[in-house]
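Have a look at the structure below before the remarks.
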Protein chains: 2
Amino acid sequence: MNLEEYLASPVCAKPEGPEDRIVMSSRVRLARNLRDHAFPTWAKQKGRIESLQLIRPAVESLPKLDSAFSAGMEELATVDKQILVERHLISREHAAKKAGSGVVFVEDESICVMINEEDHLRMQAILPGLQVQEAWKVVDELDTQLEEKLEFAATTELGYLTACPTNLGTAIRVSAMLHLPGLVLAEQINQIITSVQKLGLAVRGLYGEGTEALGNVFQVSNQRTLGESEAEITERLGKVLRQIIENEENARATLLEDKPHTVYNHIGRAYGILANAHIIASKETMNLLSLLRLGVDLGMFKGLDRGVIDELFLITQPAHLQKQHTDKLDAEERDVRRAEMLRTRLRKIERPRIPKNK
Amino acid sequence: MNLEEYLASPVCAKPEGPEDRIVMSSRVRLARNLRDHAFPTWAKQKGRIESLQLIRPAVESLPKLDSAFSAGMEELATVDKQILVERHLISREHAAKKAGSGVVFVEDESICVMINEEDHLRMQAILPGLQVQEAWKVVDELDTQLEEKLEFAATTELGYLTACPTNLGTAIRVSAMLHLPGLVLAEQINQIITSVQKLGLAVRGLYGEGTEALGNVFQVSNQRTLGESEAEITERLGKVLRQIIENEENARATLLEDKPHTVYNHIGRAYGILANAHIIASKETMNLLSLLRLGVDLGMFKGLDRGVIDELFLITQPAHLQKQHTDKLDAEERDVRRAEMLRTRLRKIERPRIPKNK
């Protein structure tokens with residue numbers, strides 16, 4: 001599969017991971033910068049092109065990336081860059097970059113390296129379910145191998161130097177994408193967010209910093225990168241994540257015990273609208289798909305698995321929809337095509353039923 | 001069938017009538033009072049009981065009412081009186097009456113006489129579709145026959161005397177129940193209401209005076225009862241109704257031409273919610289059923305006819321729902337049972353499709 005085929009292909013269901021009822025994915029990213037090269041945002045385009053020419057072959061030569069897709073940002077169409085954003089491979093900021101920046105990633109999306117985003121290197125490992133330790137191991141190995149080829153900016157006192165001081169030191173960000181419809185329906189989510197923030201962790205929306213929590217999906221990550229080792233940061237976050245999973249499970253159990261009709265009502269209506277609307281916006285779609293995912297978890301949908309829902313989460317987004325059509329679609333047309341796709345997909349499955357053991 | 005069986009039985013689909021895509025029913029009612037008997041609201045209970053004892057046998061003896069149901073209001077349980085209100089046979093005011101008031105009506109609901117509501121007699125003929133002339137003939141015949149048995153209060157100058165001066169003279173009210181989702185969706189309904197009111201007619205909600213236009217159903221009726229003959233009033237209203245039918249047809253055609261996705265979207269979502277909700281209130285139900293009825297008119301539902309929708313309009317209402325259960329249901333429980341009934345009924349039918357000729 002080449003990059004164009006990858007971008008045009010409908011997304012395949014992701015492999016399963018531990019706790020993937022609630023944890024959609026785990027991610028660890030490291031920021032690194034070259035010694036004696038200006039940070040990308042300080043460098044002129046010439047400087048960025050030089051550093052890219054230095055970094056890109058080094059990254060491509062890593063054993064785990066030998067059959068990876070690799071592209072300069074100027075080679076990618078706007079819609080394709082947007083697809084990479086929607087697949088959570090690159091940031092919205094990186095999608096705006098042109099010559100002098102690049103991206104290297106593997107087809108199963110478990111490893112992605114952004115070159116000349118805010119830092120010279122942003123290496124990420126992304127695994128399904130709760131696998132923060134495993135993701136750390138993957139990215140740690142990449143970092144070790146790369147350090148043999150490139151000289152990174154670091155001091156013994158400050159650790160790795162980064163463009164933004166909030167990343168200084170380990171330059172690690174460990175995060176997980178959590179699906180928390182139970183805590184949202186039970187109106188406990190704000191309390192959980194406050195507690196998590198008090199522990200020095202950040203809670204963000206679906207597309208990271210400054211984005212909304214669409215579809216009841218929340219990203220939890222470490223804030224501090226200084227004064228703790230990578231292993232300590234990863235372990236501490238893992239513990240908090242396990243606590244949030246337990247809170248979500250409890251919220252679901254209590255809701256089903258106390259207000260089963262309310263839960264089934266939300267899920268039933270979500271299915272009814274998704275399977276029968278003729279115009280539907282992206283935000284509403286995500287919020288309703290979230291309820292369908294909860295319904296799958298509760299055993300309300302025969303023959304529908306989480307993978308299909310997670311795929312619909314992606315392919316109903318603007319760039320993915322646009323990619324399926326040759327004409328340029330405006331927002332109104334997208335809303336019609338999105339509804340068409342959802343009707344076609346969801347009418348194949350049986351309508352939701354209250355699970356037998358209830 | 002006795003009265004208890006009638007009240008407990010699920011409503012049968014009503015016979016079809018002309019223009020019943022838009023005109024749900026036509027009704028003519030006459031108010032009459034006995035000479036030398038105080039009006040019901042002025043009389044003491046003893047007086048009302050006396051007049052009821054005079055009127056009831058006379059009404060029951062009419063040829064068209066010889067196998068009618070007949071009951072004193074004190075004989076009916078609250079839920080049963082409420083059922084008669086929901087079936088548009090008696091007014092909410094009449095449902096509050098006890099000893100000294102009564103009701104006589106035929107099983108197919110085409111004739112209903114309220115005794116000692118506001119006036120001694122309120123005779124009504126109710127026919128499906130646009131049949132105001134036919135309804136007038138039915139009620140005129142009842143009135144003629146009754147006048148041979150009872151002496152009505154009237155003067156040559158004022159005509160028939162009534163409790164409320166707005167009914168004086170002919171004491172006739174001609175009305176039709178119109179389903180106008182096209183004019184509502186096209187946002188032309190207020191303009192139509194204003195025009196109709198300028199013609200001296202009244203536009204009201206689903207349950208008459210002072211009620212909301214639930215389910216896009218509007219009642220149009222004459223206001224004046226003095227200075228015109230019954231035939232003139234009926235003919236004039238008939239003409240206005242035909243004009244509104246044309247406006248509604250035009251609104252639907254224009255909507256389908258200009259915004260087909262919007263129309264299908266409203267109808268699809270309405271179906272999706274009705275067929276999948278687990279909690280649904282009466283008002284929301286009526287508003288969504290209205291869109292389903294429009295969908296039936298547009299040919300979007302295979303194997304579903306207007307009669308089924310019109311039956312659902314009725315049997316999802318509070319008293320009808322309560323009648324199907326022995327335990328007293330509170331509003332929350334009704335919302336759950338209503339949703340249950342709708343899911344069961346609507347899952348039998350095929351999901352809506354865009355009509356082939358579009």
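Convention: chains lettered A, B, ... in structure tokens order; per-chain residue numbering from 1; ligands numbered from 1 as shown.
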Any chance you could tabulate, as a Markdown table, the residues of chain B at most 6 Å from chain A with each one's nearest atom pair and distance in Å to one decimal, using only C-alpha atoms, in chain and rising number order?
```
| residue | atom | partner | partner_atom | distance |
| --- | --- | --- | --- | --- |
| B:His261 | CA | A:His278 | CA | 5.8 |
| B:Asn265 | CA | A:His278 | CA | 4.3 |
| B:Gly268 | CA | A:Asn276 | CA | 4.7 |
| B:Arg269 | CA | A:Ile273 | CA | 5.1 |
| B:Gly272 | CA | A:Gly272 | CA | 3.6 |
| B:Ile273 | CA | A:Arg269 | CA | 5.1 |
| B:Asn276 | CA | A:Gly268 | CA | 4.7 |
| B:Ala277 | CA | A:Asn265 | CA | 5.0 |
| B:His278 | CA | A:Asn265 | CA | 4.2 |
| B:Ile279 | CA | A:Asn265 | CA | 5.8 |
```
Close residues, range 168-173 of chain A itself excluded, 6 Å, only C-alpha atoms, min 3 positions apart in chain, as JSON, numbers by chain:
{"A": [28, 29, 30, 31, 158, 159, 160, 161, 162, 165, 225, 226]}
Write a file of the just-selected residues containing N, CA, C and O atoms, as a compact mmCIF listing (two decimals), in the first residue's frame.
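Saved the output as again_10.txt:
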```txt
# COMPACT_ATOMS: atom_id res chain seq x y z
N VAL A 28 2.58 7.80 23.71
CA VAL A 28 3.72 8.46 24.35
C VAL A 28 4.47 9.21 23.27
O VAL A 28 4.74 8.65 22.20
N ARG A 29 4.76 10.48 23.51
CA ARG A 29 5.56 11.21 22.53
C ARG A 29 6.75 11.86 23.23
O ARG A 29 6.67 12.28 24.39
N LEU A 30 7.86 11.85 22.51
CA LEU A 30 9.08 12.51 22.99
C LEU A 30 9.39 13.66 22.05
O LEU A 30 9.24 13.53 20.83
N ALA A 31 9.84 14.77 22.62
CA ALA A 31 10.29 15.90 21.80
C ALA A 31 11.82 15.93 21.84
O ALA A 31 12.42 15.74 22.90
N LEU A 158 19.31 20.45 32.71
CA LEU A 158 17.93 20.64 32.24
C LEU A 158 17.39 19.43 31.48
O LEU A 158 16.20 19.35 31.22
N GLY A 159 18.26 18.51 31.12
CA GLY A 159 17.80 17.41 30.28
C GLY A 159 17.65 17.87 28.84
O GLY A 159 18.35 18.79 28.40
N TYR A 160 16.68 17.28 28.11
CA TYR A 160 16.50 17.65 26.71
C TYR A 160 15.93 19.05 26.61
O TYR A 160 15.02 19.42 27.34
N LEU A 161 16.48 19.83 25.67
CA LEU A 161 15.98 21.19 25.46
C LEU A 161 14.84 21.15 24.44
O LEU A 161 14.89 20.40 23.47
N THR A 162 13.84 21.96 24.70
CA THR A 162 12.66 21.95 23.82
C THR A 162 12.25 23.38 23.51
O THR A 162 12.61 24.32 24.23
N PRO A 165 9.20 25.69 27.07
CA PRO A 165 9.79 25.26 28.35
C PRO A 165 8.93 24.23 29.09
O PRO A 165 9.44 23.50 29.93
N THR A 225 7.28 17.63 32.99
CA THR A 225 8.24 16.80 32.28
C THR A 225 9.59 16.85 32.99
O THR A 225 10.54 16.22 32.56
N LEU A 226 9.64 17.59 34.08
CA LEU A 226 10.91 17.87 34.77
C LEU A 226 10.83 17.28 36.17
O LEU A 226 9.81 17.39 36.84
```
Secondary structure check, alpha helix (DSSP H) residues of range 41-154 of chain A, as a tab-separated table (two decimals) with all heavy atoms, in the first residue's frame:
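Generated file (result_34.tsv):
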```tsv
chain	number	residue	atom	x	y	z
A	45	GLN	N	13.31	29.30	6.63
A	45	GLN	CA	12.93	28.10	5.89
A	45	GLN	C	14.15	27.29	5.45
A	45	GLN	O	14.16	26.06	5.53
A	45	GLN	CB	12.08	28.45	4.67
A	45	GLN	CG	11.40	27.19	4.12
A	45	GLN	CD	10.55	27.45	2.91
A	45	GLN	OE1	10.95	28.15	1.99
A	45	GLN	NE2	9.38	26.85	2.90
A	46	LYS	N	15.21	28.00	5.05
A	46	LYS	CA	16.44	27.33	4.64
A	46	LYS	C	16.96	26.42	5.76
A	46	LYS	O	17.32	25.27	5.54
A	46	LYS	CB	17.50	28.39	4.27
A	46	LYS	CG	18.73	27.84	3.59
A	46	LYS	CD	19.57	28.97	2.98
A	46	LYS	CE	20.99	28.50	2.70
A	46	LYS	NZ	21.83	28.48	3.93
A	47	GLY	N	16.95	26.96	6.97
A	47	GLY	CA	17.42	26.20	8.13
A	47	GLY	C	16.55	24.98	8.37
A	47	GLY	O	17.05	23.89	8.70
A	48	ARG	N	15.24	25.14	8.20
A	48	ARG	CA	14.33	24.01	8.44
A	48	ARG	C	14.54	22.93	7.38
A	48	ARG	O	14.51	21.74	7.68
A	48	ARG	CB	12.88	24.48	8.42
A	48	ARG	CG	12.47	25.23	9.69
A	48	ARG	CD	10.96	25.27	9.85
A	48	ARG	NE	10.31	26.00	8.76
A	48	ARG	CZ	10.12	27.32	8.75
A	48	ARG	NH1	10.57	28.06	9.74
A	48	ARG	NH2	9.51	27.91	7.74
A	49	ILE	N	14.76	23.38	6.14
A	49	ILE	CA	14.99	22.40	5.07
A	49	ILE	C	16.27	21.62	5.37
A	49	ILE	O	16.32	20.39	5.22
A	49	ILE	CB	15.04	23.10	3.69
A	49	ILE	CG1	13.63	23.62	3.34
A	49	ILE	CG2	15.57	22.15	2.61
A	49	ILE	CD1	13.54	24.44	2.07
A	50	GLU	N	17.29	22.32	5.83
A	50	GLU	CA	18.55	21.65	6.19
A	50	GLU	C	18.35	20.61	7.29
A	50	GLU	O	18.78	19.47	7.18
A	50	GLU	CB	19.58	22.68	6.68
A	50	GLU	CG	20.39	23.32	5.57
A	50	GLU	CD	21.24	24.47	6.10
A	50	GLU	OE1	21.56	24.46	7.34
A	50	GLU	OE2	21.55	25.38	5.31
A	51	SER	N	17.65	21.03	8.35
A	51	SER	CA	17.48	20.08	9.47
A	51	SER	C	16.59	18.91	9.05
A	51	SER	O	16.83	17.76	9.43
A	51	SER	CB	16.95	20.79	10.72
A	51	SER	OG	15.73	21.44	10.44
A	52	LEU	N	15.59	19.20	8.22
A	52	LEU	CA	14.73	18.11	7.71
A	52	LEU	C	15.57	17.11	6.92
A	52	LEU	O	15.42	15.89	7.07
A	52	LEU	CB	13.61	18.67	6.84
A	52	LEU	CG	12.69	17.65	6.16
A	52	LEU	CD1	11.90	16.84	7.19
A	52	LEU	CD2	11.71	18.33	5.19
A	53	GLN	N	16.48	17.63	6.08
A	53	GLN	CA	17.32	16.75	5.26
A	53	GLN	C	18.26	15.89	6.11
A	53	GLN	O	18.68	14.82	5.69
A	53	GLN	CB	18.11	17.58	4.25
A	53	GLN	CG	17.25	17.95	3.05
A	53	GLN	CD	17.89	19.01	2.17
A	53	GLN	OE1	18.92	19.60	2.54
A	53	GLN	NE2	17.31	19.23	0.99
A	54	LEU	N	18.53	16.39	7.28
A	54	LEU	CA	19.38	15.65	8.21
A	54	LEU	C	18.57	14.57	8.94
A	54	LEU	O	19.01	13.42	9.11
A	54	LEU	CB	19.94	16.65	9.24
A	54	LEU	CG	21.35	16.46	9.77
A	54	LEU	CD1	22.37	16.59	8.64
A	54	LEU	CD2	21.62	17.56	10.83
A	55	ILE	N	17.37	14.97	9.37
A	55	ILE	CA	16.57	14.11	10.24
A	55	ILE	C	15.84	13.02	9.48
A	55	ILE	O	15.81	11.85	9.89
A	55	ILE	CB	15.55	14.96	11.04
A	55	ILE	CG1	16.28	15.98	11.94
A	55	ILE	CG2	14.65	14.07	11.89
A	55	ILE	CD1	15.37	17.07	12.50
A	56	ARG	N	15.24	13.40	8.34
A	56	ARG	CA	14.34	12.47	7.64
A	56	ARG	C	15.01	11.13	7.29
A	56	ARG	O	14.46	10.07	7.61
A	56	ARG	CB	13.77	13.17	6.40
A	56	ARG	CG	12.58	12.45	5.81
A	56	ARG	CD	11.88	13.34	4.78
A	56	ARG	NE	11.15	12.54	3.83
A	56	ARG	CZ	10.48	13.03	2.79
A	56	ARG	NH1	10.49	14.33	2.55
A	56	ARG	NH2	9.84	12.23	1.96
A	57	PRO	N	16.20	11.14	6.68
A	57	PRO	CA	16.84	9.85	6.37
A	57	PRO	C	17.16	9.05	7.63
A	57	PRO	O	17.04	7.82	7.64
A	57	PRO	CB	18.12	10.23	5.64
A	57	PRO	CG	18.10	11.70	5.46
A	57	PRO	CD	16.98	12.29	6.21
A	58	ALA	N	17.54	9.77	8.70
A	58	ALA	CA	17.85	9.08	9.96
A	58	ALA	C	16.62	8.36	10.48
A	58	ALA	O	16.68	7.20	10.91
A	58	ALA	CB	18.36	10.08	10.99
A	59	VAL	N	15.47	9.03	10.44
A	59	VAL	CA	14.22	8.43	10.92
A	59	VAL	C	13.84	7.25	10.02
A	59	VAL	O	13.51	6.16	10.49
A	59	VAL	CB	13.09	9.48	10.96
A	59	VAL	CG1	11.74	8.82	11.22
A	59	VAL	CG2	13.38	10.55	12.02
A	60	GLU	N	13.90	7.48	8.70
A	60	GLU	CA	13.51	6.42	7.74
A	60	GLU	C	14.38	5.17	7.86
A	60	GLU	O	13.96	4.08	7.51
A	60	GLU	CB	13.60	6.96	6.30
A	60	GLU	CG	12.50	7.96	5.98
A	60	GLU	CD	12.74	8.70	4.66
A	60	GLU	OE1	13.78	8.42	4.00
A	60	GLU	OE2	11.92	9.55	4.31
A	78	THR	N	-4.03	19.57	1.05
A	78	THR	CA	-4.67	20.02	2.30
A	78	THR	C	-5.58	18.94	2.88
A	78	THR	O	-5.56	18.66	4.08
A	78	THR	CB	-5.50	21.30	2.04
A	78	THR	OG1	-4.66	22.24	1.40
A	78	THR	CG2	-6.04	21.89	3.33
A	79	VAL	N	-6.40	18.31	2.01
A	79	VAL	CA	-7.33	17.30	2.51
A	79	VAL	C	-6.57	16.11	3.11
A	79	VAL	O	-6.99	15.53	4.11
A	79	VAL	CB	-8.31	16.85	1.39
A	79	VAL	CG1	-7.57	16.15	0.25
A	79	VAL	CG2	-9.40	15.94	1.95
A	80	ASP	N	-5.43	15.77	2.53
A	80	ASP	CA	-4.65	14.64	3.04
A	80	ASP	C	-4.04	14.96	4.40
A	80	ASP	O	-4.00	14.12	5.31
A	80	ASP	CB	-3.58	14.25	2.04
A	80	ASP	CG	-4.20	13.69	0.76
A	80	ASP	OD1	-5.34	13.18	0.85
A	80	ASP	OD2	-3.56	13.76	-0.31
A	81	LYS	N	-3.54	16.19	4.55
A	81	LYS	CA	-3.00	16.59	5.85
A	81	LYS	C	-4.10	16.55	6.89
A	81	LYS	O	-3.90	16.13	8.03
A	81	LYS	CB	-2.40	18.00	5.75
A	81	LYS	CG	-1.17	18.06	4.83
A	81	LYS	CD	-0.37	19.31	5.09
A	81	LYS	CE	-0.40	20.24	3.89
A	81	LYS	NZ	0.52	21.38	4.07
A	82	GLN	N	-5.30	16.99	6.46
A	82	GLN	CA	-6.43	17.01	7.39
A	82	GLN	C	-6.82	15.59	7.80
A	82	GLN	O	-7.20	15.33	8.93
A	82	GLN	CB	-7.60	17.76	6.72
A	82	GLN	CG	-8.61	18.32	7.69
A	82	GLN	CD	-8.00	19.11	8.83
A	82	GLN	OE1	-7.11	19.94	8.62
A	82	GLN	NE2	-8.45	18.84	10.06
A	83	ILE	N	-6.70	14.65	6.86
A	83	ILE	CA	-6.96	13.24	7.19
A	83	ILE	C	-5.99	12.76	8.26
A	83	ILE	O	-6.38	12.07	9.21
A	83	ILE	CB	-6.86	12.37	5.90
A	83	ILE	CG1	-8.16	12.54	5.10
A	83	ILE	CG2	-6.61	10.89	6.23
A	83	ILE	CD1	-8.24	11.70	3.87
A	84	LEU	N	-4.72	13.16	8.15
A	84	LEU	CA	-3.73	12.76	9.16
A	84	LEU	C	-4.07	13.38	10.53
A	84	LEU	O	-3.87	12.75	11.56
A	84	LEU	CB	-2.32	13.16	8.73
A	84	LEU	CG	-1.82	12.49	7.43
A	84	LEU	CD1	-0.38	12.93	7.12
A	84	LEU	CD2	-1.90	10.97	7.51
A	85	VAL	N	-4.64	14.59	10.52
A	85	VAL	CA	-5.08	15.20	11.78
A	85	VAL	C	-6.23	14.39	12.36
A	85	VAL	O	-6.24	14.05	13.54
A	85	VAL	CB	-5.51	16.67	11.57
A	85	VAL	CG1	-6.14	17.23	12.85
A	85	VAL	CG2	-4.34	17.53	11.14
A	86	GLU	N	-7.22	14.06	11.50
A	86	GLU	CA	-8.39	13.33	11.98
A	86	GLU	C	-8.01	11.93	12.49
A	86	GLU	O	-8.66	11.40	13.38
A	86	GLU	CB	-9.44	13.23	10.86
A	86	GLU	CG	-10.07	14.59	10.54
A	86	GLU	CD	-11.03	14.57	9.35
A	86	GLU	OE1	-11.19	13.50	8.71
A	86	GLU	OE2	-11.60	15.64	9.04
A	92	ARG	N	-2.85	19.82	14.39
A	92	ARG	CA	-3.41	20.79	13.45
A	92	ARG	C	-2.36	21.81	13.04
A	92	ARG	O	-2.35	22.30	11.91
A	92	ARG	CB	-4.61	21.50	14.11
A	92	ARG	CG	-5.76	20.53	14.35
A	92	ARG	CD	-7.02	21.25	14.72
A	92	ARG	NE	-6.93	21.80	16.07
A	92	ARG	CZ	-7.97	22.24	16.77
A	92	ARG	NH1	-9.17	22.21	16.23
A	92	ARG	NH2	-7.82	22.71	17.98
A	93	GLU	N	-1.44	22.13	13.98
A	93	GLU	CA	-0.36	23.07	13.68
A	93	GLU	C	0.56	22.50	12.59
A	93	GLU	O	0.99	23.19	11.67
A	93	GLU	CB	0.46	23.39	14.93
A	93	GLU	CG	-0.27	24.18	16.01
A	93	GLU	CD	-1.36	23.38	16.72
A	93	GLU	OE1	-1.30	22.12	16.71
A	93	GLU	OE2	-2.27	24.01	17.28
A	94	HIS	N	0.85	21.19	12.72
A	94	HIS	CA	1.76	20.56	11.76
A	94	HIS	C	1.13	20.50	10.37
A	94	HIS	O	1.83	20.61	9.35
A	94	HIS	CB	2.14	19.16	12.24
A	94	HIS	CG	3.43	18.66	11.63
A	94	HIS	ND1	4.60	19.39	11.66
A	94	HIS	CD2	3.74	17.52	10.96
A	94	HIS	CE1	5.56	18.72	11.05
A	94	HIS	NE2	5.06	17.57	10.62
A	95	ALA	N	-0.21	20.34	10.34
A	95	ALA	CA	-0.91	20.27	9.06
A	95	ALA	C	-0.78	21.58	8.28
A	95	ALA	O	-0.88	21.60	7.06
A	95	ALA	CB	-2.39	19.94	9.29
A	132	VAL	N	0.14	2.32	28.09
A	132	VAL	CA	1.10	3.42	28.20
A	132	VAL	C	2.53	2.92	28.40
A	132	VAL	O	3.47	3.45	27.81
A	132	VAL	CB	0.71	4.44	29.31
A	132	VAL	CG1	-0.41	5.35	28.85
A	132	VAL	CG2	0.37	3.76	30.61
A	133	GLN	N	2.69	1.85	29.20
A	133	GLN	CA	4.05	1.29	29.41
A	133	GLN	C	4.63	0.77	28.10
A	133	GLN	O	5.78	1.03	27.76
A	133	GLN	CB	3.99	0.11	30.42
A	133	GLN	CG	3.31	0.40	31.74
A	133	GLN	CD	4.22	1.13	32.72
A	133	GLN	OE1	5.39	1.39	32.41
A	133	GLN	NE2	3.68	1.48	33.87
A	134	GLU	N	3.78	0.03	27.37
A	134	GLU	CA	4.22	-0.56	26.10
A	134	GLU	C	4.58	0.55	25.10
A	134	GLU	O	5.58	0.45	24.37
A	134	GLU	CB	3.12	-1.45	25.52
A	134	GLU	CG	2.85	-2.73	26.31
A	134	GLU	CD	2.04	-2.53	27.59
A	134	GLU	OE1	1.67	-1.38	27.91
A	134	GLU	OE2	1.80	-3.53	28.30
A	135	ALA	N	3.75	1.60	25.06
A	135	ALA	CA	4.02	2.70	24.15
A	135	ALA	C	5.34	3.39	24.53
A	135	ALA	O	6.13	3.78	23.67
A	135	ALA	CB	2.86	3.71	24.17
A	136	TRP	N	5.57	3.51	25.83
A	136	TRP	CA	6.83	4.11	26.28
A	136	TRP	C	8.02	3.28	25.81
A	136	TRP	O	9.01	3.82	25.31
A	136	TRP	CB	6.82	4.29	27.81
A	136	TRP	CG	8.20	4.40	28.44
A	136	TRP	CD1	8.72	3.59	29.40
A	136	TRP	CD2	9.22	5.35	28.12
A	136	TRP	NE1	9.99	3.96	29.72
A	136	TRP	CE2	10.34	5.05	28.93
A	136	TRP	CE3	9.31	6.41	27.22
A	136	TRP	CZ2	11.53	5.76	28.87
A	136	TRP	CZ3	10.51	7.13	27.17
A	136	TRP	CH2	11.60	6.82	27.98
A	137	LYS	N	7.89	1.96	25.91
A	137	LYS	CA	9.00	1.10	25.47
A	137	LYS	C	9.29	1.30	23.99
A	137	LYS	O	10.45	1.40	23.56
A	137	LYS	CB	8.67	-0.38	25.74
A	137	LYS	CG	9.03	-0.82	27.15
A	137	LYS	CD	8.68	-2.28	27.38
A	137	LYS	CE	8.16	-2.48	28.80
A	137	LYS	NZ	7.20	-3.58	28.89
A	138	VAL	N	8.24	1.35	23.18
A	138	VAL	CA	8.41	1.52	21.73
A	138	VAL	C	9.15	2.82	21.43
A	138	VAL	O	10.13	2.85	20.68
A	138	VAL	CB	7.03	1.52	21.02
A	138	VAL	CG1	7.19	1.90	19.54
A	138	VAL	CG2	6.35	0.15	21.14
A	139	VAL	N	8.70	3.90	22.03
A	139	VAL	CA	9.25	5.20	21.69
A	139	VAL	C	10.65	5.37	22.30
A	139	VAL	O	11.53	6.02	21.71
A	139	VAL	CB	8.26	6.32	22.10
A	139	VAL	CG1	8.45	6.77	23.52
A	139	VAL	CG2	8.29	7.48	21.12
A	140	ASP	N	10.87	4.72	23.44
A	140	ASP	CA	12.19	4.77	24.08
A	140	ASP	C	13.23	4.10	23.17
A	140	ASP	O	14.34	4.60	23.00
A	140	ASP	CB	12.11	4.04	25.43
A	140	ASP	CG	13.40	4.15	26.23
A	140	ASP	OD1	14.11	5.16	26.07
A	140	ASP	OD2	13.69	3.22	27.02
A	141	GLU	N	12.82	3.00	22.54
A	141	GLU	CA	13.72	2.29	21.63
A	141	GLU	C	14.06	3.16	20.41
A	141	GLU	O	15.22	3.26	20.00
A	141	GLU	CB	13.06	0.98	21.20
A	141	GLU	CG	14.00	0.05	20.44
A	141	GLU	CD	13.24	-1.10	19.78
A	141	GLU	OE1	12.11	-1.42	20.23
A	141	GLU	OE2	13.78	-1.67	18.80
A	142	LEU	N	13.02	3.80	19.85
A	142	LEU	CA	13.24	4.68	18.70
A	142	LEU	C	14.24	5.77	19.07
A	142	LEU	O	15.17	6.08	18.33
A	142	LEU	CB	11.93	5.38	18.28
A	142	LEU	CG	10.80	4.53	17.74
A	142	LEU	CD1	9.63	5.44	17.34
A	142	LEU	CD2	11.26	3.71	16.54
A	143	ASP	N	14.04	6.35	20.24
A	143	ASP	CA	14.87	7.45	20.72
A	143	ASP	C	16.32	7.01	20.87
A	143	ASP	O	17.24	7.70	20.43
A	143	ASP	CB	14.30	7.93	22.06
A	143	ASP	CG	15.10	9.08	22.64
A	143	ASP	OD1	15.38	10.04	21.89
A	143	ASP	OD2	15.42	9.03	23.85
A	144	THR	N	16.52	5.83	21.46
A	144	THR	CA	17.87	5.30	21.66
A	144	THR	C	18.58	5.09	20.32
A	144	THR	O	19.74	5.46	20.14
A	144	THR	CB	17.79	3.96	22.43
A	144	THR	OG1	17.03	4.19	23.62
A	144	THR	CG2	19.17	3.44	22.79
A	145	GLN	N	17.81	4.49	19.38
A	145	GLN	CA	18.40	4.23	18.06
A	145	GLN	C	18.73	5.53	17.33
A	145	GLN	O	19.75	5.64	16.66
A	145	GLN	CB	17.45	3.38	17.22
A	145	GLN	CG	17.28	1.97	17.79
A	145	GLN	CD	16.15	1.21	17.12
A	145	GLN	OE1	15.32	1.78	16.42
A	145	GLN	NE2	16.12	-0.10	17.35
A	146	LEU	N	17.85	6.50	17.48
A	146	LEU	CA	18.04	7.76	16.77
A	146	LEU	C	19.22	8.55	17.36
A	146	LEU	O	19.93	9.25	16.64
A	146	LEU	CB	16.75	8.60	16.86
A	146	LEU	CG	16.36	9.41	15.64
A	146	LEU	CD1	16.41	8.60	14.37
A	146	LEU	CD2	14.96	9.98	15.83
A	147	GLU	N	19.40	8.41	18.66
A	147	GLU	CA	20.47	9.13	19.34
A	147	GLU	C	21.85	8.67	18.85
A	147	GLU	O	22.84	9.39	19.00
A	147	GLU	CB	20.35	8.92	20.86
A	147	GLU	CG	20.88	10.08	21.65
A	147	GLU	CD	20.11	10.31	22.96
A	147	GLU	OE1	19.42	9.38	23.42
A	147	GLU	OE2	20.19	11.43	23.50
```
What is the CA of Ala202 in chain B to CA of Gln219 in chain B distance in Å?
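One can read the CA of Ala202 in chain B to CA of Gln219 in chain B distance as 7.9 Å.
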